[in-house]
Amino acid sequence: MRIVVTGGAGFIGSAVVRYLVKDVGAEVLTLDKLTYAGNLANLDPVIDNPAHRFVQADICDAAAVSEVFKTFEPTRIYHLAAESHVDRSITGAKDFVETNVIGTFTLLEAARRYWNDLDGSSKDSFRFLHVSTDEVYGSLGAEGLFSETTPYDPSSPYSASKAASDHLAVAWHRTYWLPTLVSNCSNNYGPYHFPEKLIPLIILNALHGKSLPVYGDGSNIRDWLYVEDHAKALHLIASEGRLGETYNVGGRNERRNIDVVKAVCEILDRLAPKSHPHADLITYVTDRPGHDARYAIDATKLESELGWRAHENFETGIEKTVRWYLDNESWWRPLRDKVYTGERLGVLATE
Ligand code: NAD
């Protein structure tokens, strides 16, 4: 099995690469532009492994992508490269349209040319997995869950660009028979999460005695999944899912944002106590425009068709995550010093 993972130097992509190389025994080529969110240190556990190679390239660069396909001869493509941060999409949507829409189009076209030239069993077994988010479905009220048939209703430039890319991946199957599958997952958390996202931001701000910014009244609900459970789900979907289908991925762990922040504070009170409870640092800030109230995934299709179950619940996963940040200052220190110093870190409060 030879798998190209786009965005493999990012948060989820690197979890996928580590899982494929160390647990599955696949040969993996990470294709990543190394934007601010890409970090080769995320791949440290596999960087010297002969089963892994890295190519720095932009998915919008058709020639570079085709060259990778020609030389590596992948049997699968797992596409995770994206601009992924909702707040950045609100202040600068262009990069999101370029990478998430044009980049996915470029990759699908390069994959189609490559796949058309395959023959026999190589052609039949080829897979293109497009990895996406539950944010494409918009916002839920107090009741109900997102299923694979929920109509798309994206609210932010990020989710709108991901929705467009999902439609492209499905259309390339229906129109050209390219063997694509799409996954839509809820919020991930875990090790190697870039410190602009809610959970690592809260952990690091709390450790530094800085305010813990929470949007609005903190009542927005997200459905949290430990990143390693997502990585396993993606490989399962690509291996056993039905072509042209969409699979929702979620761990049935709905939490209000304020409760996530308090859970992190309670763990830190135990593991890294200060003179005052960490929750004293919580500060409510002006809500994000277009902030969806609630996301929650119905993962029945993935569970019943493919037998998937999340290994971690929120309590075990968040404890592991906080411990990982406490033990891995050498990973987060350079990122925090370089990108998020002073006020900037204090005002970003995101998912
Ligand atoms: P991330 O921002 O941590 O990583 C994205 C990676 O893509 C980075 O390594 C970056 O360098 C790379 N990249 C960006 N633009 C590129 C380009 N033009 N060419 C090549 N590489 C490029 O993101 P993530 O949180 O790991 O998310 C990965 C995927 O999973 C995304 O498609 C995202 O939409 C989806 N997703 C994320 C979540 C979540 O909670 N983080 C949930 C569901 C789905």
# chains A, B, ... in the order shown; residues from 1 in each chain; ligands from 1

call {"tool": "residues_near_ligand", "arguments": {"ligand": "ligand 1", "cutoff": "6 Å", "atoms": "only C-alpha atoms and all ligand atoms", "output": "PDB file with N, CA and C atoms, in the first residue's frame"}}
result
ATOM      1  N   GLY A   7      -1.314  17.450   3.220  1.00  0.00           N
ATOM      2  CA  GLY A   7      -1.508  18.084   4.533  1.00  0.00           C
ATOM      3  C   GLY A   7      -0.987  17.223   5.661  1.00  0.00           C
ATOM      4  N   GLY A   8      -0.073  16.322   5.355  1.00  0.00           N
ATOM      5  CA  GLY A   8       0.431  15.365   6.356  1.00  0.00           C
ATOM      6  C   GLY A   8       1.341  15.979   7.408  1.00  0.00           C
ATOM      7  N   ALA A   9       1.706  17.256   7.249  1.00  0.00           N
ATOM      8  CA  ALA A   9       2.489  17.913   8.303  1.00  0.00           C
ATOM      9  C   ALA A   9       1.598  18.725   9.233  1.00  0.00           C
ATOM     10  N   GLY A  10       0.280  18.657   9.020  1.00  0.00           N
ATOM     11  CA  GLY A  10      -0.659  19.376   9.882  1.00  0.00           C
ATOM     12  C   GLY A  10      -1.090  18.523  11.066  1.00  0.00           C
ATOM     13  N   PHE A  11      -2.091  18.985  11.763  1.00  0.00           N
ATOM     14  CA  PHE A  11      -2.536  18.320  12.999  1.00  0.00           C
ATOM     15  C   PHE A  11      -3.095  16.922  12.715  1.00  0.00           C
ATOM     16  N   ILE A  12      -4.169  16.833  11.939  1.00  0.00           N
ATOM     17  CA  ILE A  12      -4.788  15.517  11.704  1.00  0.00           C
ATOM     18  C   ILE A  12      -3.950  14.710  10.713  1.00  0.00           C
ATOM     19  N   GLY A  13      -3.459  15.380   9.673  1.00  0.00           N
ATOM     20  CA  GLY A  13      -2.658  14.685   8.653  1.00  0.00           C
ATOM     21  C   GLY A  13      -1.474  13.961   9.280  1.00  0.00           C
ATOM     22  N   ASP A  32       3.059  18.374   1.419  1.00  0.00           N
ATOM     23  CA  ASP A  32       2.583  19.494   2.239  1.00  0.00           C
ATOM     24  C   ASP A  32       3.339  20.760   1.831  1.00  0.00           C
ATOM     25  N   LYS A  33       2.598  21.861   1.777  1.00  0.00           N
ATOM     26  CA  LYS A  33       3.197  23.154   1.420  1.00  0.00           C
ATOM     27  C   LYS A  33       3.983  23.757   2.582  1.00  0.00           C
ATOM     28  N   LEU A  34       3.728  23.265   3.794  1.00  0.00           N
ATOM     29  CA  LEU A  34       4.281  23.837   5.026  1.00  0.00           C
ATOM     30  C   LEU A  34       3.890  25.301   5.167  1.00  0.00           C
ATOM     31  N   THR A  35       2.594  25.553   5.248  1.00  0.00           N
ATOM     32  CA  THR A  35       2.105  26.875   5.607  1.00  0.00           C
ATOM     33  C   THR A  35       2.405  27.072   7.092  1.00  0.00           C
ATOM     34  N   ALA A  37       0.645  26.466   9.415  1.00  0.00           N
ATOM     35  CA  ALA A  37       0.046  25.366  10.193  1.00  0.00           C
ATOM     36  C   ALA A  37       0.795  24.051  10.005  1.00  0.00           C
ATOM     37  N   GLY A  38       1.647  23.975   9.009  1.00  0.00           N
ATOM     38  CA  GLY A  38       2.390  22.741   8.754  1.00  0.00           C
ATOM     39  C   GLY A  38       3.684  22.753   9.558  1.00  0.00           C
ATOM     40  N   ALA A  57       5.245  20.740  -1.356  1.00  0.00           N
ATOM     41  CA  ALA A  57       4.590  21.164  -2.600  1.00  0.00           C
ATOM     42  C   ALA A  57       3.216  21.717  -2.279  1.00  0.00           C
ATOM     43  N   ASP A  58       2.729  22.542  -3.214  1.00  0.00           N
ATOM     44  CA  ASP A  58       1.408  23.160  -3.089  1.00  0.00           C
ATOM     45  C   ASP A  58       0.412  22.321  -3.891  1.00  0.00           C
ATOM     46  N   ILE A  59      -0.727  21.988  -3.292  1.00  0.00           N
ATOM     47  CA  ILE A  59      -1.709  21.180  -4.042  1.00  0.00           C
ATOM     48  C   ILE A  59      -2.309  21.959  -5.218  1.00  0.00           C
ATOM     49  N   CYS A  60      -2.090  23.278  -5.252  1.00  0.00           N
ATOM     50  CA  CYS A  60      -2.557  24.060  -6.412  1.00  0.00           C
ATOM     51  C   CYS A  60      -1.594  23.952  -7.586  1.00  0.00           C
ATOM     52  N   LEU A  80      -5.941  15.751   2.976  1.00  0.00           N
ATOM     53  CA  LEU A  80      -6.247  16.534   4.181  1.00  0.00           C
ATOM     54  C   LEU A  80      -5.745  17.969   4.093  1.00  0.00           C
ATOM     55  N   ALA A  81      -4.940  18.302   3.066  1.00  0.00           N
ATOM     56  CA  ALA A  81      -4.387  19.669   2.984  1.00  0.00           C
ATOM     57  C   ALA A  81      -5.536  20.666   2.886  1.00  0.00           C
ATOM     58  N   ALA A  82      -5.478  21.679   3.728  1.00  0.00           N
ATOM     59  CA  ALA A  82      -6.536  22.700   3.707  1.00  0.00           C
ATOM     60  C   ALA A  82      -6.084  23.885   4.540  1.00  0.00           C
ATOM     61  N   GLU A  83      -6.678  25.027   4.267  1.00  0.00           N
ATOM     62  CA  GLU A  83      -6.684  26.103   5.255  1.00  0.00           C
ATOM     63  C   GLU A  83      -7.819  25.742   6.197  1.00  0.00           C
ATOM     64  N   SER A  84      -7.550  25.711   7.513  1.00  0.00           N
ATOM     65  CA  SER A  84      -8.504  25.058   8.407  1.00  0.00           C
ATOM     66  C   SER A  84      -9.039  25.921   9.543  1.00  0.00           C
ATOM     67  N   THR A  99      -6.777  27.245  -1.680  1.00  0.00           N
ATOM     68  CA  THR A  99      -6.328  25.894  -1.290  1.00  0.00           C
ATOM     69  C   THR A  99      -7.486  24.900  -1.248  1.00  0.00           C
ATOM     70  N   VAL A 131     -11.072  14.439   2.862  1.00  0.00           N
ATOM     71  CA  VAL A 131     -11.356  14.584   4.293  1.00  0.00           C
ATOM     72  C   VAL A 131     -11.974  15.957   4.571  1.00  0.00           C
ATOM     73  N   SER A 132     -13.143  15.940   5.199  1.00  0.00           N
ATOM     74  CA  SER A 132     -13.830  17.207   5.424  1.00  0.00           C
ATOM     75  C   SER A 132     -14.438  17.288   6.821  1.00  0.00           C
ATOM     76  N   THR A 133     -15.255  18.300   6.998  1.00  0.00           N
ATOM     77  CA  THR A 133     -15.715  18.702   8.326  1.00  0.00           C
ATOM     78  C   THR A 133     -17.236  18.658   8.436  1.00  0.00           C
ATOM     79  N   CYS A 185     -16.120  15.065   9.561  1.00  0.00           N
ATOM     80  CA  CYS A 185     -15.839  14.768  10.975  1.00  0.00           C
ATOM     81  C   CYS A 185     -16.105  15.978  11.861  1.00  0.00           C
ATOM     82  N   SER A 186     -16.383  15.679  13.113  1.00  0.00           N
ATOM     83  CA  SER A 186     -16.581  16.726  14.117  1.00  0.00           C
ATOM     84  C   SER A 186     -15.228  17.265  14.586  1.00  0.00           C
ATOM     85  N   ASN A 187     -15.248  18.141  15.584  1.00  0.00           N
ATOM     86  CA  ASN A 187     -14.017  18.787  16.071  1.00  0.00           C
ATOM     87  C   ASN A 187     -13.033  17.777  16.646  1.00  0.00           C
ATOM     88  N   ASN A 188     -11.806  17.877  16.197  1.00  0.00           N
ATOM     89  CA  ASN A 188     -10.744  17.013  16.700  1.00  0.00           C
ATOM     90  C   ASN A 188      -9.943  17.727  17.793  1.00  0.00           C
TER      91      ASN A 188
END

call {"tool": "residues_around", "arguments": {"residues": "Ser219 in chain A", "least_positions_apart": "2", "cutoff": "7 Å", "atoms": "only C-alpha atoms", "output": "list of chain:residue names"}}
result
A:Asp217, A:Ile221, A:Arg256, A:Asn257, A:Ile258

call {"tool": "residues_around", "arguments": {"residues": "Asp327 in chain A", "least_positions_apart": "6", "cutoff": "12 Å", "atoms": "only C-alpha atoms", "output": "ChimeraX atom specification"}}
result
/A:191-192,271-272,320-321,333

call {"tool": "write_last_selection", "arguments": {"atoms": "C-alpha atoms", "output": "tab-separated table (two decimals), in the first residue's frame"}}
result
chain	number	residue	atom	x	y	z
A	191	PRO	CA	-1.40	15.95	20.58
A	192	TYR	CA	0.33	18.24	18.02
A	271	LEU	CA	-1.35	18.28	37.37
A	272	ALA	CA	0.13	21.81	37.45
A	320	LYS	CA	-4.15	12.45	27.63
A	321	THR	CA	-4.05	15.71	25.68
A	333	ARG	CA	7.47	26.48	22.71

call {"tool": "select_by_dssp", "arguments": {"residues": "range 24-186 of chain A", "states": "strand (DSSP E)", "output": "ChimeraX atom specification"}}
result
/A:27-32,52-56,76-79,127-133,180-185

call {"tool": "residues_around", "arguments": {"residues": "Ala111 in chain A", "least_positions_apart": "6", "cutoff": "8 Å", "atoms": "only C-alpha atoms", "output": "list of chain:residue names"}}
result
A:Ser66, A:Phe69, A:Phe128

call {"tool": "write_last_selection", "arguments": {"atoms": "N, CA and C atoms", "output": "compact mmCIF listing (two decimals), in the first residue's frame"}}
result
# COMPACT_ATOMS: atom_id res chain seq x y z
N SER A 66 1.40 16.12 -10.12
CA SER A 66 1.51 15.02 -11.11
C SER A 66 2.86 14.32 -11.03
N PHE A 69 2.79 11.91 -8.20
CA PHE A 69 2.02 10.70 -8.54
C PHE A 69 2.85 9.79 -9.47
N PHE A 128 -9.39 7.53 -3.57
CA PHE A 128 -9.13 8.94 -3.26
C PHE A 128 -10.09 9.31 -2.12

call {"tool": "closest_residue", "arguments": {"among": "A:Leu108, A:Val101, A:Ala164, A:Val322", "to": "Tyr152 in chain A", "atoms": "only C-alpha atoms"}}
result
A:Ala164

call {"tool": "select_by_dssp", "arguments": {"residues": "range 42-138 of chain A", "states": "helix (DSSP H, G or I)", "output": "ChimeraX atom specification"}}
result
/A:42-46,62-72,86-91,94-116,120-125,134-137

call {"tool": "residues_around", "arguments": {"residues": "Asn220 in chain A", "least_positions_apart": "5", "cutoff": "9 Å", "atoms": "only C-alpha atoms", "output": "PDB file with N, CA and C atoms, in the first residue's frame"}}
result
ATOM      1  N   TYR A 215     -15.643  32.618  23.542  1.00  0.00           N
ATOM      2  CA  TYR A 215     -16.586  33.407  22.745  1.00  0.00           C
ATOM      3  C   TYR A 215     -17.971  33.448  23.379  1.00  0.00           C
ATOM      4  N   ARG A 255     -20.013  18.715  23.974  1.00  0.00           N
ATOM      5  CA  ARG A 255     -19.683  19.532  25.141  1.00  0.00           C
ATOM      6  C   ARG A 255     -19.873  21.008  24.807  1.00  0.00           C
ATOM      7  N   ARG A 256     -20.368  21.816  25.776  1.00  0.00           N
ATOM      8  CA  ARG A 256     -20.370  23.263  25.603  1.00  0.00           C
ATOM      9  C   ARG A 256     -18.914  23.759  25.683  1.00  0.00           C
ATOM     10  N   ASN A 257     -18.595  24.812  24.921  1.00  0.00           N
ATOM     11  CA  ASN A 257     -17.221  25.323  24.950  1.00  0.00           C
ATOM     12  C   ASN A 257     -16.766  25.640  26.373  1.00  0.00           C
ATOM     13  N   ILE A 258     -17.652  26.256  27.153  1.00  0.00           N
ATOM     14  CA  ILE A 258     -17.258  26.632  28.515  1.00  0.00           C
ATOM     15  C   ILE A 258     -16.939  25.383  29.348  1.00  0.00           C
ATOM     16  N   HIS A 291     -21.259  32.541  14.224  1.00  0.00           N
ATOM     17  CA  HIS A 291     -20.830  31.431  15.084  1.00  0.00           C
ATOM     18  C   HIS A 291     -21.954  30.395  15.192  1.00  0.00           C
ATOM     19  N   ASP A 292     -21.729  29.204  14.657  1.00  0.00           N
ATOM     20  CA  ASP A 292     -22.752  28.157  14.706  1.00  0.00           C
ATOM     21  C   ASP A 292     -22.986  27.726  16.160  1.00  0.00           C
ATOM     22  N   ALA A 293     -24.277  27.495  16.499  1.00  0.00           N
ATOM     23  CA  ALA A 293     -24.626  27.195  17.900  1.00  0.00           C
ATOM     24  C   ALA A 293     -24.192  25.790  18.306  1.00  0.00           C
ATOM     25  N   ARG A 294     -24.488  24.826  17.451  1.00  0.00           N
ATOM     26  CA  ARG A 294     -24.258  23.441  17.894  1.00  0.00           C
ATOM     27  C   ARG A 294     -23.925  22.557  16.706  1.00  0.00           C
ATOM     28  N   TYR A 295     -22.907  21.702  16.872  1.00  0.00           N
ATOM     29  CA  TYR A 295     -22.605  20.635  15.914  1.00  0.00           C
ATOM     30  C   TYR A 295     -22.684  19.309  16.662  1.00  0.00           C
TER      31      TYR A 295
END

call {"tool": "closest_residue", "arguments": {"among": "A:Leu243, A:Ile237, A:Ile203, A:Ala231", "to": "Asp269 in chain A", "atoms": "only C-alpha atoms"}}
result
A:Ile203

call {"tool": "closest_residue", "arguments": {"among": "A:Asn313, A:Thr104, A:Asn49, A:Thr71", "to": "Gly251 in chain A", "atoms": "only C-alpha atoms"}}
result
A:Asn313

call {"tool": "decode", "arguments": {"residues": "range 127-277 of chain A", "atoms": "C-alpha atoms", "output": "PDB file, in the first residue's frame"}}
result
ATOM      1  CA  ARG A 127      -8.914   5.157  -3.723  1.00  0.00           C
ATOM      2  CA  PHE A 128      -9.134   8.941  -3.257  1.00  0.00           C
ATOM      3  CA  LEU A 129     -10.341   9.911   0.237  1.00  0.00           C
ATOM      4  CA  HIS A 130     -11.413  13.537   0.625  1.00  0.00           C
ATOM      5  CA  VAL A 131     -11.356  14.584   4.293  1.00  0.00           C
ATOM      6  CA  SER A 132     -13.830  17.207   5.424  1.00  0.00           C
ATOM      7  CA  THR A 133     -15.715  18.702   8.326  1.00  0.00           C
ATOM      8  CA  ASP A 134     -19.188  18.630   9.863  1.00  0.00           C
ATOM      9  CA  GLU A 135     -19.192  22.449   9.591  1.00  0.00           C
ATOM     10  CA  VAL A 136     -20.493  22.078   6.020  1.00  0.00           C
ATOM     11  CA  TYR A 137     -23.903  21.213   7.517  1.00  0.00           C
ATOM     12  CA  GLY A 138     -24.285  24.577   9.274  1.00  0.00           C
ATOM     13  CA  SER A 139     -25.754  24.851  12.746  1.00  0.00           C
ATOM     14  CA  LEU A 140     -28.086  22.609  14.767  1.00  0.00           C
ATOM     15  CA  GLY A 141     -30.685  23.702  17.300  1.00  0.00           C
ATOM     16  CA  ALA A 142     -30.966  21.977  20.664  1.00  0.00           C
ATOM     17  CA  GLU A 143     -32.196  18.740  19.074  1.00  0.00           C
ATOM     18  CA  GLY A 144     -31.065  16.496  16.214  1.00  0.00           C
ATOM     19  CA  LEU A 145     -27.786  15.259  14.745  1.00  0.00           C
ATOM     20  CA  PHE A 146     -25.971  15.721  11.417  1.00  0.00           C
ATOM     21  CA  SER A 147     -26.368  12.672   9.202  1.00  0.00           C
ATOM     22  CA  GLU A 148     -24.939  12.053   5.737  1.00  0.00           C
ATOM     23  CA  THR A 149     -28.218  13.288   4.221  1.00  0.00           C
ATOM     24  CA  THR A 150     -28.362  16.586   6.142  1.00  0.00           C
ATOM     25  CA  PRO A 151     -28.451  19.402   3.531  1.00  0.00           C
ATOM     26  CA  TYR A 152     -25.299  21.518   3.268  1.00  0.00           C
ATOM     27  CA  ASP A 153     -25.714  24.962   4.869  1.00  0.00           C
ATOM     28  CA  PRO A 154     -22.232  26.385   5.609  1.00  0.00           C
ATOM     29  CA  SER A 155     -21.881  29.590   7.657  1.00  0.00           C
ATOM     30  CA  SER A 156     -18.211  30.661   7.422  1.00  0.00           C
ATOM     31  CA  PRO A 157     -15.838  31.158   4.484  1.00  0.00           C
ATOM     32  CA  TYR A 158     -13.982  28.090   5.812  1.00  0.00           C
ATOM     33  CA  SER A 159     -17.023  25.813   5.835  1.00  0.00           C
ATOM     34  CA  ALA A 160     -18.250  27.209   2.504  1.00  0.00           C
ATOM     35  CA  SER A 161     -14.901  26.395   0.877  1.00  0.00           C
ATOM     36  CA  LYS A 162     -14.922  22.894   2.373  1.00  0.00           C
ATOM     37  CA  ALA A 163     -18.513  22.378   1.182  1.00  0.00           C
ATOM     38  CA  ALA A 164     -17.437  23.311  -2.353  1.00  0.00           C
ATOM     39  CA  SER A 165     -14.546  20.845  -2.200  1.00  0.00           C
ATOM     40  CA  ASP A 166     -16.833  18.051  -0.956  1.00  0.00           C
ATOM     41  CA  HIS A 167     -19.147  18.585  -3.914  1.00  0.00           C
ATOM     42  CA  LEU A 168     -16.167  18.410  -6.281  1.00  0.00           C
ATOM     43  CA  ALA A 169     -15.016  15.100  -4.790  1.00  0.00           C
ATOM     44  CA  VAL A 170     -18.502  13.572  -5.149  1.00  0.00           C
ATOM     45  CA  ALA A 171     -18.927  14.964  -8.676  1.00  0.00           C
ATOM     46  CA  TRP A 172     -15.584  13.502  -9.791  1.00  0.00           C
ATOM     47  CA  HIS A 173     -16.984  10.096  -8.864  1.00  0.00           C
ATOM     48  CA  ARG A 174     -20.389  10.597 -10.478  1.00  0.00           C
ATOM     49  CA  THR A 175     -19.012  12.185 -13.655  1.00  0.00           C
ATOM     50  CA  TYR A 176     -15.625  10.522 -14.195  1.00  0.00           C
ATOM     51  CA  TRP A 177     -15.949   7.388 -11.964  1.00  0.00           C
ATOM     52  CA  LEU A 178     -12.858   8.432 -10.020  1.00  0.00           C
ATOM     53  CA  PRO A 179     -13.059   6.198  -6.888  1.00  0.00           C
ATOM     54  CA  THR A 180     -13.603   8.955  -4.325  1.00  0.00           C
ATOM     55  CA  LEU A 181     -15.002   8.789  -0.794  1.00  0.00           C
ATOM     56  CA  VAL A 182     -15.793  11.740   1.478  1.00  0.00           C
ATOM     57  CA  SER A 183     -15.612  11.909   5.278  1.00  0.00           C
ATOM     58  CA  ASN A 184     -17.142  14.661   7.426  1.00  0.00           C
ATOM     59  CA  CYS A 185     -15.839  14.768  10.975  1.00  0.00           C
ATOM     60  CA  SER A 186     -16.581  16.726  14.117  1.00  0.00           C
ATOM     61  CA  ASN A 187     -14.017  18.787  16.071  1.00  0.00           C
ATOM     62  CA  ASN A 188     -10.744  17.013  16.700  1.00  0.00           C
ATOM     63  CA  TYR A 189      -8.381  17.479  19.628  1.00  0.00           C
ATOM     64  CA  GLY A 190      -5.213  15.772  20.841  1.00  0.00           C
ATOM     65  CA  PRO A 191      -1.401  15.946  20.581  1.00  0.00           C
ATOM     66  CA  TYR A 192       0.332  18.240  18.021  1.00  0.00           C
ATOM     67  CA  HIS A 193      -2.693  20.572  17.782  1.00  0.00           C
ATOM     68  CA  PHE A 194      -1.546  24.033  16.651  1.00  0.00           C
ATOM     69  CA  PRO A 195      -1.805  26.525  19.529  1.00  0.00           C
ATOM     70  CA  GLU A 196      -4.352  28.809  17.828  1.00  0.00           C
ATOM     71  CA  LYS A 197      -7.158  26.238  18.343  1.00  0.00           C
ATOM     72  CA  LEU A 198      -9.356  26.245  21.445  1.00  0.00           C
ATOM     73  CA  ILE A 199      -7.980  23.372  23.524  1.00  0.00           C
ATOM     74  CA  PRO A 200      -4.214  23.953  23.082  1.00  0.00           C
ATOM     75  CA  LEU A 201      -4.763  27.698  23.372  1.00  0.00           C
ATOM     76  CA  ILE A 202      -6.520  27.246  26.704  1.00  0.00           C
ATOM     77  CA  ILE A 203      -3.846  24.847  27.995  1.00  0.00           C
ATOM     78  CA  LEU A 204      -0.966  27.143  27.068  1.00  0.00           C
ATOM     79  CA  ASN A 205      -2.638  30.364  28.206  1.00  0.00           C
ATOM     80  CA  ALA A 206      -3.498  28.739  31.528  1.00  0.00           C
ATOM     81  CA  LEU A 207       0.093  27.549  31.990  1.00  0.00           C
ATOM     82  CA  HIS A 208       1.278  31.111  31.360  1.00  0.00           C
ATOM     83  CA  GLY A 209      -1.292  32.719  33.661  1.00  0.00           C
ATOM     84  CA  LYS A 210      -2.980  34.504  30.721  1.00  0.00           C
ATOM     85  CA  SER A 211      -6.699  35.039  30.271  1.00  0.00           C
ATOM     86  CA  LEU A 212      -8.721  32.144  28.832  1.00  0.00           C
ATOM     87  CA  PRO A 213     -10.890  33.778  26.160  1.00  0.00           C
ATOM     88  CA  VAL A 214     -14.292  32.198  25.503  1.00  0.00           C
ATOM     89  CA  TYR A 215     -16.586  33.407  22.745  1.00  0.00           C
ATOM     90  CA  GLY A 216     -20.019  34.800  23.734  1.00  0.00           C
ATOM     91  CA  ASP A 217     -21.408  33.043  26.789  1.00  0.00           C
ATOM     92  CA  GLY A 218     -19.539  29.803  26.050  1.00  0.00           C
ATOM     93  CA  SER A 219     -22.731  27.901  25.304  1.00  0.00           C
ATOM     94  CA  ASN A 220     -21.788  26.852  21.746  1.00  0.00           C
ATOM     95  CA  ILE A 221     -21.656  23.070  21.532  1.00  0.00           C
ATOM     96  CA  ARG A 222     -19.110  20.992  19.648  1.00  0.00           C
ATOM     97  CA  ASP A 223     -18.826  17.205  19.335  1.00  0.00           C
ATOM     98  CA  TRP A 224     -15.207  16.314  20.229  1.00  0.00           C
ATOM     99  CA  LEU A 225     -13.194  13.437  18.775  1.00  0.00           C
ATOM    100  CA  TYR A 226      -9.684  12.377  19.787  1.00  0.00           C
ATOM    101  CA  VAL A 227      -7.460  12.793  16.731  1.00  0.00           C
ATOM    102  CA  GLU A 228      -6.087   9.234  16.739  1.00  0.00           C
ATOM    103  CA  ASP A 229      -9.644   7.863  16.577  1.00  0.00           C
ATOM    104  CA  HIS A 230     -10.207  10.052  13.521  1.00  0.00           C
ATOM    105  CA  ALA A 231      -7.014   8.780  11.854  1.00  0.00           C
ATOM    106  CA  LYS A 232      -8.169   5.171  12.265  1.00  0.00           C
ATOM    107  CA  ALA A 233     -11.640   6.009  10.964  1.00  0.00           C
ATOM    108  CA  LEU A 234     -10.185   7.589   7.825  1.00  0.00           C
ATOM    109  CA  HIS A 235      -8.099   4.536   6.966  1.00  0.00           C
ATOM    110  CA  LEU A 236     -11.111   2.290   7.575  1.00  0.00           C
ATOM    111  CA  ILE A 237     -13.344   4.415   5.324  1.00  0.00           C
ATOM    112  CA  ALA A 238     -10.748   4.368   2.530  1.00  0.00           C
ATOM    113  CA  SER A 239     -10.228   0.614   2.949  1.00  0.00           C
ATOM    114  CA  GLU A 240     -13.808  -0.611   3.304  1.00  0.00           C
ATOM    115  CA  GLY A 241     -16.167   2.251   2.493  1.00  0.00           C
ATOM    116  CA  ARG A 242     -18.393   2.234  -0.567  1.00  0.00           C
ATOM    117  CA  LEU A 243     -17.181   4.346  -3.500  1.00  0.00           C
ATOM    118  CA  GLY A 244     -18.886   7.697  -4.005  1.00  0.00           C
ATOM    119  CA  GLU A 245     -20.283   7.597  -0.452  1.00  0.00           C
ATOM    120  CA  THR A 246     -19.975  10.027   2.424  1.00  0.00           C
ATOM    121  CA  TYR A 247     -19.278   8.871   5.988  1.00  0.00           C
ATOM    122  CA  ASN A 248     -19.772  11.046   9.068  1.00  0.00           C
ATOM    123  CA  VAL A 249     -17.205  10.617  11.846  1.00  0.00           C
ATOM    124  CA  GLY A 250     -17.908  11.602  15.445  1.00  0.00           C
ATOM    125  CA  GLY A 251     -17.410  10.313  18.961  1.00  0.00           C
ATOM    126  CA  ARG A 252     -20.762  11.242  20.535  1.00  0.00           C
ATOM    127  CA  ASN A 253     -18.998  13.633  22.889  1.00  0.00           C
ATOM    128  CA  GLU A 254     -20.992  16.845  22.810  1.00  0.00           C
ATOM    129  CA  ARG A 255     -19.683  19.532  25.141  1.00  0.00           C
ATOM    130  CA  ARG A 256     -20.370  23.263  25.603  1.00  0.00           C
ATOM    131  CA  ASN A 257     -17.221  25.323  24.950  1.00  0.00           C
ATOM    132  CA  ILE A 258     -17.258  26.632  28.515  1.00  0.00           C
ATOM    133  CA  ASP A 259     -17.348  23.061  29.850  1.00  0.00           C
ATOM    134  CA  VAL A 260     -14.367  22.124  27.682  1.00  0.00           C
ATOM    135  CA  VAL A 261     -12.419  25.060  29.105  1.00  0.00           C
ATOM    136  CA  LYS A 262     -13.418  24.147  32.668  1.00  0.00           C
ATOM    137  CA  ALA A 263     -12.417  20.505  32.107  1.00  0.00           C
ATOM    138  CA  VAL A 264      -8.939  21.622  30.991  1.00  0.00           C
ATOM    139  CA  CYS A 265      -8.694  23.918  34.039  1.00  0.00           C
ATOM    140  CA  GLU A 266      -9.623  21.115  36.428  1.00  0.00           C
ATOM    141  CA  ILE A 267      -6.975  18.794  34.988  1.00  0.00           C
ATOM    142  CA  LEU A 268      -4.364  21.550  35.216  1.00  0.00           C
ATOM    143  CA  ASP A 269      -5.382  22.291  38.822  1.00  0.00           C
ATOM    144  CA  ARG A 270      -4.452  18.674  39.550  1.00  0.00           C
ATOM    145  CA  LEU A 271      -1.350  18.284  37.365  1.00  0.00           C
ATOM    146  CA  ALA A 272       0.133  21.811  37.447  1.00  0.00           C
ATOM    147  CA  PRO A 273      -1.435  23.568  40.451  1.00  0.00           C
ATOM    148  CA  LYS A 274      -1.166  27.335  40.927  1.00  0.00           C
ATOM    149  CA  SER A 275      -2.126  29.517  43.892  1.00  0.00           C
ATOM    150  CA  HIS A 276      -5.542  30.203  42.283  1.00  0.00           C
ATOM    151  CA  PRO A 277      -7.798  27.825  40.322  1.00  0.00           C
TER     152      PRO A 277
END
